[in-house]
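Engineer: Input structure: data.txt, which contains compact mmCIF, C-alpha atoms and all ligand atoms.
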# COMPACT_ATOMS: atom_id res chain seq x y z
CA MET A 212 16.95 27.85 5.16
CA THR A 213 19.47 25.29 6.46
CA ASP A 214 19.20 21.56 5.84
CA ILE A 215 16.73 19.17 7.40
CA LEU A 216 16.98 15.40 7.77
CA VAL A 217 14.13 13.03 6.90
CA PRO A 218 14.28 9.32 7.82
CA THR A 219 14.29 7.49 4.48
CA ALA A 220 11.89 4.85 5.81
CA LEU A 221 9.26 7.58 6.18
CA VAL A 222 9.45 8.72 2.55
CA ALA A 223 7.17 6.99 0.03
CA ASP A 224 9.23 7.86 -3.05
CA PRO A 225 12.82 8.84 -2.20
CA SER A 226 13.86 9.19 -5.83
CA ARG A 227 11.25 11.90 -6.47
CA PHE A 228 11.65 13.60 -3.08
CA GLY A 229 15.32 14.37 -3.64
CA GLY A 230 17.96 15.01 -1.01
CA THR A 231 21.32 13.44 -0.31
CA PRO A 232 21.54 10.15 1.62
CA GLN A 233 23.07 10.56 5.07
CA GLY A 234 22.97 7.31 7.02
CA ASP A 235 19.31 6.26 7.35
CA CYS A 236 18.08 9.75 6.39
CA LEU A 237 17.82 12.05 3.40
CA ARG A 238 19.30 15.52 3.76
CA GLY A 239 18.56 18.79 2.00
CA THR A 240 16.84 22.15 2.25
CA PRO A 241 13.05 21.92 2.63
CA VAL A 242 10.98 22.89 -0.41
CA VAL A 243 7.53 23.94 0.79
CA ARG A 244 4.67 24.57 -1.64
CA ASP A 245 1.06 25.23 -0.63
CA ASN A 246 1.98 24.36 2.96
CA ARG A 247 3.29 20.96 1.92
CA LEU A 248 6.84 19.62 2.14
CA VAL A 249 7.21 18.58 -1.49
CA ALA A 250 10.96 18.05 -1.92
CA LEU A 251 14.45 18.37 -0.54
CA GLY A 252 16.62 20.91 -2.34
CA ARG A 253 20.38 21.24 -2.55
CA THR A 254 22.15 21.06 0.81
CA ASN A 255 22.91 24.35 2.49
CA GLY A 256 24.78 24.41 5.77
CA ASP A 257 24.49 22.17 8.80
CA ALA A 258 21.38 20.06 9.32
CA THR A 259 19.82 20.99 12.65
CA GLN A 260 16.49 19.20 12.71
CA MET A 261 14.73 16.01 11.65
CA VAL A 262 11.22 15.89 10.18
CA ILE A 263 8.74 13.05 10.83
CA PRO A 264 4.96 12.51 10.65
CA HIS A 265 2.85 12.53 13.80
CA LEU A 266 3.30 9.44 15.93
CA VAL A 267 0.66 6.74 16.34
CA GLU A 268 -0.36 4.97 19.54
CA PRO A 269 -1.78 1.63 18.34
CA HIS A 270 -2.54 0.07 21.74
CA CYS A 271 -3.29 1.63 25.11
CA HIS A 272 -5.93 1.43 27.86
CA LEU A 273 -7.29 4.88 28.68
CA ASP A 274 -9.98 3.39 30.94
CA LYS A 275 -7.34 1.89 33.27
CA CYS A 276 -4.53 4.44 33.05
CA HIS A 277 -3.39 6.57 35.96
CA THR A 278 -5.06 4.50 38.67
CA ILE A 279 -1.77 3.61 40.39
CA ALA A 280 -2.02 6.22 43.15
CA ARG A 281 -5.08 4.55 44.66
CA LEU A 282 -4.03 0.95 43.96
CA GLY A 283 -1.31 0.92 46.58
CA GLN A 284 1.72 -1.31 46.19
CA VAL A 285 0.51 -3.58 43.38
CA GLY A 286 2.75 -5.93 41.45
CA GLY A 287 2.81 -9.51 40.22
CA ASP A 288 1.83 -11.46 37.16
CA LEU A 289 -0.99 -10.99 34.66
CA ARG A 290 -3.57 -12.80 36.79
CA THR A 291 -2.75 -10.65 39.83
CA ALA A 292 -3.00 -7.49 37.74
CA ILE A 293 -6.40 -8.49 36.32
CA GLU A 294 -7.76 -9.22 39.82
CA ARG A 295 -6.45 -5.96 41.27
CA GLN A 296 -7.67 -3.80 38.38
CA THR A 297 -11.09 -5.47 38.47
CA LYS A 298 -11.49 -4.43 42.12
CA ASP A 299 -10.64 -0.86 41.17
CA LYS A 300 -13.61 -0.72 38.80
CA ALA A 301 -15.76 0.23 41.80
CA ASN A 302 -14.07 3.64 41.43
CA TRP A 303 -14.86 4.02 37.71
CA THR A 304 -17.45 6.78 37.88
CA GLU A 305 -18.15 9.05 34.94
CA ASP A 306 -15.99 11.83 36.39
CA ASP A 307 -13.16 9.45 37.23
CA LEU A 308 -13.14 7.89 33.74
CA ARG A 309 -13.36 11.27 32.04
CA ALA A 310 -10.51 12.78 34.06
CA ARG A 311 -8.13 9.86 33.57
CA THR A 312 -8.94 9.54 29.86
CA HIS A 313 -8.25 13.24 29.47
CA GLN A 314 -4.93 12.86 31.31
CA GLY A 315 -3.88 9.97 29.07
CA LEU A 316 -4.90 11.76 25.87
CA THR A 317 -3.13 14.96 26.90
CA GLU A 318 0.02 12.99 27.59
CA ALA A 319 -0.16 11.15 24.24
CA HIS A 320 -0.77 14.35 22.28
CA ALA A 321 2.12 16.10 24.07
CA ASN A 322 4.34 13.20 23.00
CA GLY A 323 3.51 13.69 19.32
CA CYS A 324 0.55 11.32 18.87
CA ARG A 325 -2.40 11.98 16.67
CA VAL A 326 -4.11 8.63 15.88
CA ILE A 327 -4.63 6.62 19.08
CA ARG A 328 -6.38 3.31 19.72
CA SER A 329 -7.56 2.60 23.25
CA HIS A 330 -9.08 -0.65 24.43
CA VAL A 331 -12.03 -0.46 26.79
CA ASP A 332 -12.83 -3.33 29.17
CA TRP A 333 -16.27 -4.59 28.15
CA GLY A 334 -17.26 -6.77 31.10
CA ASP A 335 -19.64 -9.72 31.34
CA LYS A 336 -22.75 -8.40 29.65
CA ALA A 337 -23.65 -7.78 26.03
CA ALA A 338 -24.70 -4.22 26.86
CA PRO A 339 -21.82 -1.72 26.80
CA PRO A 340 -20.34 -0.66 30.15
CA LEU A 341 -20.38 2.91 31.43
CA SER A 342 -16.73 3.29 30.42
CA TRP A 343 -17.65 2.71 26.76
CA SER A 344 -20.11 5.59 26.70
CA VAL A 345 -17.77 7.92 28.63
CA LEU A 346 -14.85 7.23 26.31
CA GLN A 347 -17.16 7.58 23.29
CA GLU A 348 -18.03 11.02 24.59
CA CYS A 349 -14.32 11.84 25.03
CA ALA A 350 -13.69 10.68 21.45
CA GLN A 351 -16.04 13.38 20.17
CA ASP A 352 -13.36 15.92 21.17
CA ALA A 353 -10.53 13.70 19.90
CA PRO A 354 -11.59 12.55 16.42
CA ASP A 355 -8.43 10.48 15.96
CA LEU A 356 -9.20 8.34 19.00
CA GLN A 357 -10.36 4.82 18.11
CA LEU A 358 -12.01 2.60 20.70
CA ALA A 359 -11.79 -1.19 20.76
CA ALA A 360 -14.06 -3.32 22.92
CA LEU A 361 -11.93 -5.60 25.08
CA THR A 362 -14.12 -8.68 25.48
CA GLY A 363 -13.28 -12.33 26.14
CA ILE A 364 -13.13 -14.63 23.11
CA THR A 365 -15.36 -17.18 24.90
CA GLN A 366 -18.13 -14.55 25.07
CA TRP A 367 -18.17 -14.37 21.27
CA ALA A 368 -19.10 -18.05 21.07
CA ASP A 369 -22.54 -16.96 22.34
CA PRO A 370 -24.53 -15.77 19.27
CA THR A 371 -26.67 -13.40 21.35
CA PHE A 372 -23.57 -11.67 22.70
CA ALA A 373 -21.90 -11.61 19.29
CA ASN A 374 -24.89 -10.04 17.55
CA ALA A 375 -25.54 -7.46 20.26
CA VAL A 376 -21.92 -6.34 20.63
CA GLY A 377 -21.48 -6.32 16.86
CA ALA A 378 -24.49 -4.01 16.51
CA THR A 379 -23.18 -1.65 19.21
CA LEU A 380 -19.70 -1.50 17.66
CA SER A 381 -21.13 -0.97 14.20
CA ALA A 382 -23.29 1.92 15.40
CA SER A 383 -20.46 3.57 17.33
CA GLY A 384 -17.53 3.04 14.96
CA GLY A 385 -15.85 0.70 17.42
CA VAL A 386 -13.29 -2.02 16.84
CA ALA A 387 -14.07 -5.64 17.73
CA GLY A 388 -11.48 -6.76 20.24
CA ALA A 389 -11.01 -9.87 22.33
CA PHE A 390 -8.65 -11.39 24.86
CA VAL A 391 -7.40 -14.78 23.63
CA LEU A 392 -5.31 -16.88 26.00
CA ASP A 393 -5.96 -20.61 25.91
CA HIS A 394 -9.70 -20.04 26.41
CA ASP A 395 -12.53 -22.56 26.24
CA LYS A 396 -14.49 -22.30 22.99
CA MET A 397 -11.68 -20.26 21.44
CA GLN A 398 -12.32 -21.44 17.89
CA ALA A 399 -16.09 -20.98 18.16
CA GLY A 400 -15.48 -17.45 19.47
CA LEU A 401 -13.03 -16.68 16.67
CA ASP A 402 -15.47 -17.95 14.05
CA GLN A 403 -18.20 -15.65 15.32
CA ILE A 404 -16.07 -12.54 15.82
CA PHE A 405 -14.76 -12.91 12.26
CA ASP A 406 -18.30 -13.47 10.93
CA VAL A 407 -19.64 -10.39 12.71
CA ALA A 408 -16.63 -8.29 11.64
CA THR A 409 -17.15 -9.39 8.02
CA GLN A 410 -20.89 -8.67 8.07
CA ARG A 411 -20.50 -5.28 9.71
CA GLY A 412 -17.15 -4.13 8.28
CA LEU A 413 -15.42 -3.98 11.67
CA MET A 414 -11.69 -3.94 12.31
CA LEU A 415 -10.31 -6.67 14.59
CA ASP A 416 -7.87 -6.31 17.48
CA PHE A 417 -6.77 -9.18 19.72
CA HIS A 418 -4.85 -9.42 22.97
CA VAL A 419 -3.40 -12.80 22.10
CA ASP A 420 -1.04 -15.26 23.79
CA GLU A 421 -0.04 -12.81 26.50
CA GLY A 422 2.19 -15.22 28.33
CA LEU A 423 5.28 -17.32 27.96
CA GLY A 424 4.18 -20.88 27.27
CA ASP A 425 2.78 -23.07 24.56
CA PHE A 426 -0.26 -21.04 23.49
CA ASN A 427 -1.73 -21.25 20.00
CA GLY A 428 -4.11 -18.28 19.73
CA LEU A 429 -2.11 -16.37 17.13
CA GLU A 430 -1.97 -19.32 14.74
CA ALA A 431 -5.71 -19.94 15.24
CA ILE A 432 -6.44 -16.29 14.38
CA ALA A 433 -4.27 -16.48 11.26
CA ASP A 434 -5.89 -19.78 10.19
CA THR A 435 -9.37 -18.32 10.71
CA ALA A 436 -8.53 -15.16 8.74
CA LEU A 437 -7.03 -17.18 5.86
CA ALA A 438 -9.94 -19.64 5.74
CA ARG A 439 -12.42 -16.76 5.48
CA GLY A 440 -10.36 -14.51 3.24
CA PHE A 441 -10.93 -11.70 5.75
CA ASP A 442 -9.55 -8.50 4.24
CA GLY A 443 -10.04 -5.91 7.00
CA PRO A 444 -7.26 -4.76 9.34
CA ILE A 445 -6.28 -7.31 12.02
CA LEU A 446 -4.01 -6.20 14.83
CA CYS A 447 -2.66 -8.83 17.23
CA GLY A 448 -1.11 -7.50 20.42
CA HIS A 449 1.43 -9.31 22.63
CA ALA A 450 2.07 -12.72 20.93
CA VAL A 451 4.62 -13.25 23.70
CA SER A 452 4.44 -17.04 23.53
CA LEU A 453 6.27 -17.03 20.19
CA MET A 454 9.33 -16.92 22.48
CA ASP A 455 8.54 -20.48 23.54
CA ARG A 456 7.87 -21.92 20.09
CA THR A 457 10.44 -23.81 18.03
CA PRO A 458 12.11 -21.95 15.15
CA ASP A 459 10.06 -24.04 12.68
CA ALA A 460 6.81 -23.15 14.44
CA VAL A 461 7.75 -19.45 14.52
CA MET A 462 8.42 -19.53 10.77
CA ARG A 463 5.14 -21.37 10.07
CA ILE A 464 3.08 -18.94 12.18
CA ALA A 465 4.89 -15.89 10.80
CA ASP A 466 4.21 -17.05 7.24
CA LYS A 467 0.49 -17.41 8.02
CA CYS A 468 0.41 -13.95 9.65
CA ALA A 469 2.09 -12.42 6.60
CA ARG A 470 -0.37 -14.08 4.22
CA ALA A 471 -3.35 -13.07 6.39
CA ASN A 472 -2.04 -9.47 6.50
CA ILE A 473 -1.98 -9.57 10.31
CA THR A 474 0.03 -6.85 12.04
CA ILE A 475 1.71 -7.78 15.32
CA CYS A 476 1.81 -5.14 18.06
CA THR A 477 4.55 -5.56 20.62
CA LEU A 478 3.99 -3.98 24.02
CA PRO A 479 7.36 -4.17 25.72
CA ILE A 480 6.84 -2.28 28.94
CA THR A 481 3.85 -4.29 30.16
CA ASN A 482 5.15 -7.62 28.90
CA LEU A 483 8.57 -7.15 30.46
CA TYR A 484 6.86 -6.28 33.73
CA LEU A 485 4.27 -9.09 33.80
CA GLN A 486 5.72 -12.05 31.96
CA GLY A 487 8.47 -14.46 32.90
CA ARG A 488 8.07 -13.90 36.63
CA THR A 489 9.95 -16.05 39.12
CA ASP A 490 10.63 -15.60 42.82
CA GLY A 491 13.76 -13.73 41.87
CA THR A 492 15.17 -11.68 39.04
CA PRO A 493 13.70 -12.70 35.66
CA ASP A 494 15.88 -14.44 33.10
CA ARG A 495 13.30 -14.46 30.28
CA ARG A 496 12.18 -11.63 28.01
CA GLY A 497 8.47 -11.04 27.66
CA ILE A 498 8.55 -9.76 24.13
CA THR A 499 7.50 -11.29 20.84
CA ARG A 500 9.94 -12.32 18.11
CA LEU A 501 10.06 -8.95 16.38
CA ARG A 502 13.10 -9.64 14.25
CA GLU A 503 11.91 -13.00 12.94
CA LEU A 504 8.42 -11.68 12.24
CA ARG A 505 9.70 -8.72 10.27
CA ALA A 506 12.17 -10.90 8.37
CA ALA A 507 9.22 -13.11 7.37
CA GLY A 508 7.35 -10.12 5.96
CA VAL A 509 5.00 -9.50 8.89
CA LYS A 510 4.28 -5.86 9.73
CA VAL A 511 5.16 -5.12 13.36
CA VAL A 512 4.20 -2.06 15.40
CA VAL A 513 4.95 -0.91 18.94
CA GLY A 514 2.50 0.32 21.59
CA SER A 515 2.56 1.78 25.09
CA ASP A 516 -0.16 -0.51 26.56
CA ASN A 517 -0.65 0.01 30.31
CA VAL A 518 0.32 3.29 31.93
CA ALA A 519 0.40 3.66 35.71
CA ASP A 520 -2.15 0.96 36.51
CA ALA A 521 -2.27 -2.55 38.00
CA PHE A 522 -0.63 -4.05 34.91
CA CYS A 523 2.33 -1.67 34.99
CA PRO A 524 3.00 0.95 37.67
CA LEU A 525 5.28 2.87 35.29
CA GLY A 526 5.00 3.70 31.59
CA ALA A 527 3.84 6.66 29.56
CA HIS A 528 1.72 7.30 26.50
CA ASP A 529 4.88 7.92 24.53
CA PRO A 530 5.57 5.90 21.36
CA ARG A 531 9.22 6.91 21.29
CA ALA A 532 9.71 5.50 24.81
CA ALA A 533 7.99 2.24 23.82
CA LEU A 534 10.12 1.91 20.69
CA ALA A 535 13.31 2.70 22.63
CA LEU A 536 12.49 -0.09 25.07
CA ALA A 537 11.72 -2.48 22.18
CA CYS A 538 15.10 -1.63 20.63
CA VAL A 539 16.93 -2.46 23.85
CA THR A 540 14.91 -5.56 24.66
CA ALA A 541 14.68 -7.16 21.23
CA HIS A 542 18.12 -6.03 20.05
CA LEU A 543 16.78 -3.95 17.18
CA ASP A 544 20.09 -2.87 15.72
CA PRO A 545 20.84 0.40 13.92
CA PRO A 546 19.97 1.90 11.59
CA LEU A 547 17.08 2.60 13.95
CA GLY A 548 15.35 4.76 11.35
CA ASP A 549 14.27 1.47 9.76
CA TRP A 550 12.06 0.87 12.82
CA LEU A 551 10.38 4.29 12.90
CA ASN A 552 7.47 3.01 10.81
CA THR A 553 6.46 0.86 13.82
CA ILE A 554 5.20 4.05 15.51
CA THR A 555 4.16 5.97 12.38
CA THR A 556 3.24 4.65 8.92
CA ASP A 557 2.80 0.93 9.64
CA ALA A 558 0.93 1.73 12.85
CA SER A 559 -1.45 3.98 10.88
CA ALA A 560 -2.11 1.26 8.33
CA ALA A 561 -2.72 -1.28 11.12
CA LEU A 562 -5.44 1.05 12.44
CA GLY A 563 -7.09 1.30 9.03
CA ARG A 564 -5.77 4.79 8.30
CA THR A 565 -3.88 5.99 5.25
CA PRO A 566 -0.26 6.35 6.36
CA VAL A 567 1.26 9.83 6.24
CA THR A 568 4.73 9.85 4.73
CA VAL A 569 6.89 12.97 4.89
CA ASP A 570 7.10 13.57 1.13
CA GLY A 571 4.18 15.71 0.08
CA ALA A 572 2.67 15.89 3.57
CA ARG A 573 0.97 19.02 4.86
CA LEU A 574 3.15 20.84 7.38
CA SER A 575 0.28 20.47 9.87
CA ASP A 576 0.77 16.68 9.63
CA LEU A 577 4.49 16.85 10.39
CA LEU A 578 6.69 17.29 13.46
CA THR A 579 10.28 18.41 13.83
CA CYS A 580 12.92 17.46 16.38
CA ALA A 581 16.26 19.21 16.91
CA VAL A 582 18.37 16.08 16.42
CA ILE A 583 20.70 14.82 13.68
CA HIS A 584 20.61 11.06 14.38
CA THR A 585 17.64 8.68 14.47
CA ALA A 586 18.89 7.10 17.72
CA THR A 587 18.76 10.51 19.39
CA LEU A 588 15.26 11.02 17.99
CA ILE A 589 14.04 7.71 19.45
CA SER A 590 15.81 8.31 22.79
CA GLY A 591 13.19 10.96 23.48
CA ARG A 592 15.60 13.38 25.12
CA THR A 593 14.69 16.11 22.65
CA GLY A 594 11.10 17.35 22.36
CA LEU A 595 8.91 17.33 19.26
CA ARG A 596 7.50 20.54 17.75
CA PRO A 597 4.87 21.20 15.09
CA ALA A 598 6.47 21.67 11.66
CA THR A 599 4.17 24.66 11.18
CA GLU A 600 6.33 26.47 13.75
CA THR A 601 9.73 25.46 12.47
CA LEU A 602 9.54 25.06 8.68
CA THR A 603 7.76 28.27 7.74
ZN ZN A 701 -3.44 -4.17 26.24
Go ahead and render the structure in this file as structure tokens.
Ligand SMILES: [Zn+2]
Structural biologist:
Amino acid sequence: MTDILVPTALVADPSRFGGTPQGDCLRGTPVVRDNRLVALGRTNGDATQMVIPHLVEPHCHLDKCHTIARLGQVGGDLRTAIERQTKDKANWTEDDLRARTHQGLTEAHANGCRVIRSHVDWGDKAAPPLSWSVLQECAQDAPDLQLAALTGITQWADPTFANAVGATLSASGGVAGAFVLDHDKMQAGLDQIFDVATQRGLMLDFHVDEGLGDFNGLEAIADTALARGFDGPILCGHAVSLMDRTPDAVMRIADKCARANITICTLPITNLYLQGRTDGTPDRRGITRLRELRAAGVKVVVGSDNVADAFCPLGAHDPRAALALACVTAHLDPPLGDWLNTITTDASAALGRTPVTVDGARLSDLLTCAVIHTATLISGRTGLRPATETLT
């Protein structure tokens, strides 16, 4: 067999795996034993394909996706999007939710995803909404689909709400999620959501500081996690307001996030669409400080967020497209292979899963792509195929 390329960042132990360095990849002939890719042998001819693990979608909204056709000509800022999507909930019947969830999942799987986390709008009451039970049902056919309750952090300040939602999430394997944006009772809500997550062993996932401006939710989450010694996975999406903090404040907050083991999820397509709006063409970038966070030792991951809904009329459940946009927007310079763990291994860990690295992985856990450069891989212009079809 001819050579394959494997991005070095996706290999746990390059010295044992073998292969010859070529840019940000290792190159060699695949050595397959017991249906696992165990090593790279001596090079033999041109490399024609790259091997990676399945992709991970750490943050999307399957309950909202693909509503754009009936929303009309929607656009505007975050507040406008929330109002418009809330009106659309009158259309969220069981059949409607099931069909759109299926469409989103099919799209994500076709784009190489296996593990997927979707948020589900929870609403005003402690009892779960219809969408929660419909998506739970959908998850029975998609065992790698995780569901996170998207509540408001103020709601968690109410002990009755906190206990009831905690019990529901515990019974259904759900993730405790909350929207945090300069809310009343933010600290009281954070204290209770952390207490419930600790008592019930829940993972945490926040939509935090989704706006340019002087918001302090991310630092409050990090302080709360550190004070409690919380050791479960914490994923913080957006963190856009880090753009408006001083360099000293960014360093201070990044250091706390690193120590609290908080992973930051950037969501470029929705944030570029919603944040930094003016009456004219935007001159601000609605994206968190990816480079500074990573340099400070914070794990960062990339998600697709909203797809064809009131928050973003465009988009796709396609991690490579999200990463490509992050590269352009945040000036993530080559070698781009160093950022592939934002949609694979680090994203898995952020969702509480054991990351799959290429070395020693089952062929059924790997994908191949007929490219010879990581930039071409991330560009998405070449499709992904199961390694079981191409490496055997
Ligand atoms: Zn979101």
Engineer: What's the 7 Å shell around A:Lys396, counting all atoms listed in the file, without same-chain residues fewer than 3 positions away, as a PyMOL selection string?
Structural biologist: chain A and resi 365+368+399-400
Engineer: Would you name the residues within 8 Å of ligand ZN 701 (chain A), counting all atoms listed in the file, and put them as a list in words?
Structural biologist: His270, Cys271, His272, His330, His418, Gly448, His449, Leu478, Asp516 and Asn517 of chain A
Engineer: Save out the residues we just selected, C-alpha atoms, as a PDB file, in the coordinates of the input.
Structural biologist:
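Full text of part-v5.pdb as output:
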ATOM      1  CA  HIS A 270      -2.540   0.070  21.740  1.00  0.00           C
ATOM      2  CA  CYS A 271      -3.290   1.630  25.110  1.00  0.00           C
ATOM      3  CA  HIS A 272      -5.930   1.430  27.860  1.00  0.00           C
ATOM      4  CA  HIS A 330      -9.080  -0.650  24.430  1.00  0.00           C
ATOM      5  CA  HIS A 418      -4.850  -9.420  22.970  1.00  0.00           C
ATOM      6  CA  GLY A 448      -1.110  -7.500  20.420  1.00  0.00           C
ATOM      7  CA  HIS A 449       1.430  -9.310  22.630  1.00  0.00           C
ATOM      8  CA  LEU A 478       3.990  -3.980  24.020  1.00  0.00           C
ATOM      9  CA  ASP A 516      -0.160  -0.510  26.560  1.00  0.00           C
ATOM     10  CA  ASN A 517      -0.650   0.010  30.310  1.00  0.00           C
TER      11      ASN A 517
END
Engineer: What does the distance from atom CA of A:Thr481 to atom CA of A:Ser452 come to in Å, to one decimal?
Structural biologist: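 Going from atom CA of A:Thr481 over to atom CA of A:Ser452, I get 14.4 Å.
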Engineer: Calculate how many Å separate atom CA of A:Glu421 from atom CA of A:Ala450, rounding to one decimal.
Structural biologist: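 Separation of atom CA of A:Glu421 and atom CA of A:Ala450: 6.0 Å.
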Engineer: Within 6 Å of (12.3, 17.3, 16.8), in the coordinates the file gives, what residues turn up when you count only C-alpha atoms, written out as a ChimeraX atom specification?
Structural biologist: /A:261,579-581,594-596
Engineer: What gap, in Å, lies between atom CA of A:His277 and atom CA of A:Ala519?
Structural biologist: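 We find that atom CA of A:His277 and atom CA of A:Ala519 lie 4.8 Å from each other.
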Engineer: With a cut-off of 9 Å, could you pull out the residues of stretch 222-277 of chain A touching stretch 561-568 of chain A and give me the nearest pair of atoms for each, distance in Å to one decimal, using all atoms listed in the file, ordered by chain and ascending number, as a tab-separated table?
Structural biologist:
residue	atom	partner	partner_atom	distance
A:Val222	CA	A:Thr568	CA	5.3
A:Ala223	CA	A:Thr568	CA	6.0
A:Ile263	CA	A:Thr568	CA	8.0
A:Pro264	CA	A:Val567	CA	6.3
A:His265	CA	A:Val567	CA	8.2
A:Pro269	CA	A:Leu562	CA	7.0
Engineer: Skip stretch 498-514 of chain A itself and residues of its chain fewer than 4 positions away, then list as JSON, numbers by chain all residues within 8 Å of it, counting all atoms listed in the file.
Structural biologist: {"A": [268, 269, 270, 271, 449, 450, 451, 452, 453, 454, 461, 462, 465, 466, 468, 469, 472, 473, 474, 475, 476, 477, 478, 479, 482, 483, 530, 533, 534, 537, 540, 541, 543, 552, 553, 554, 557, 558]}
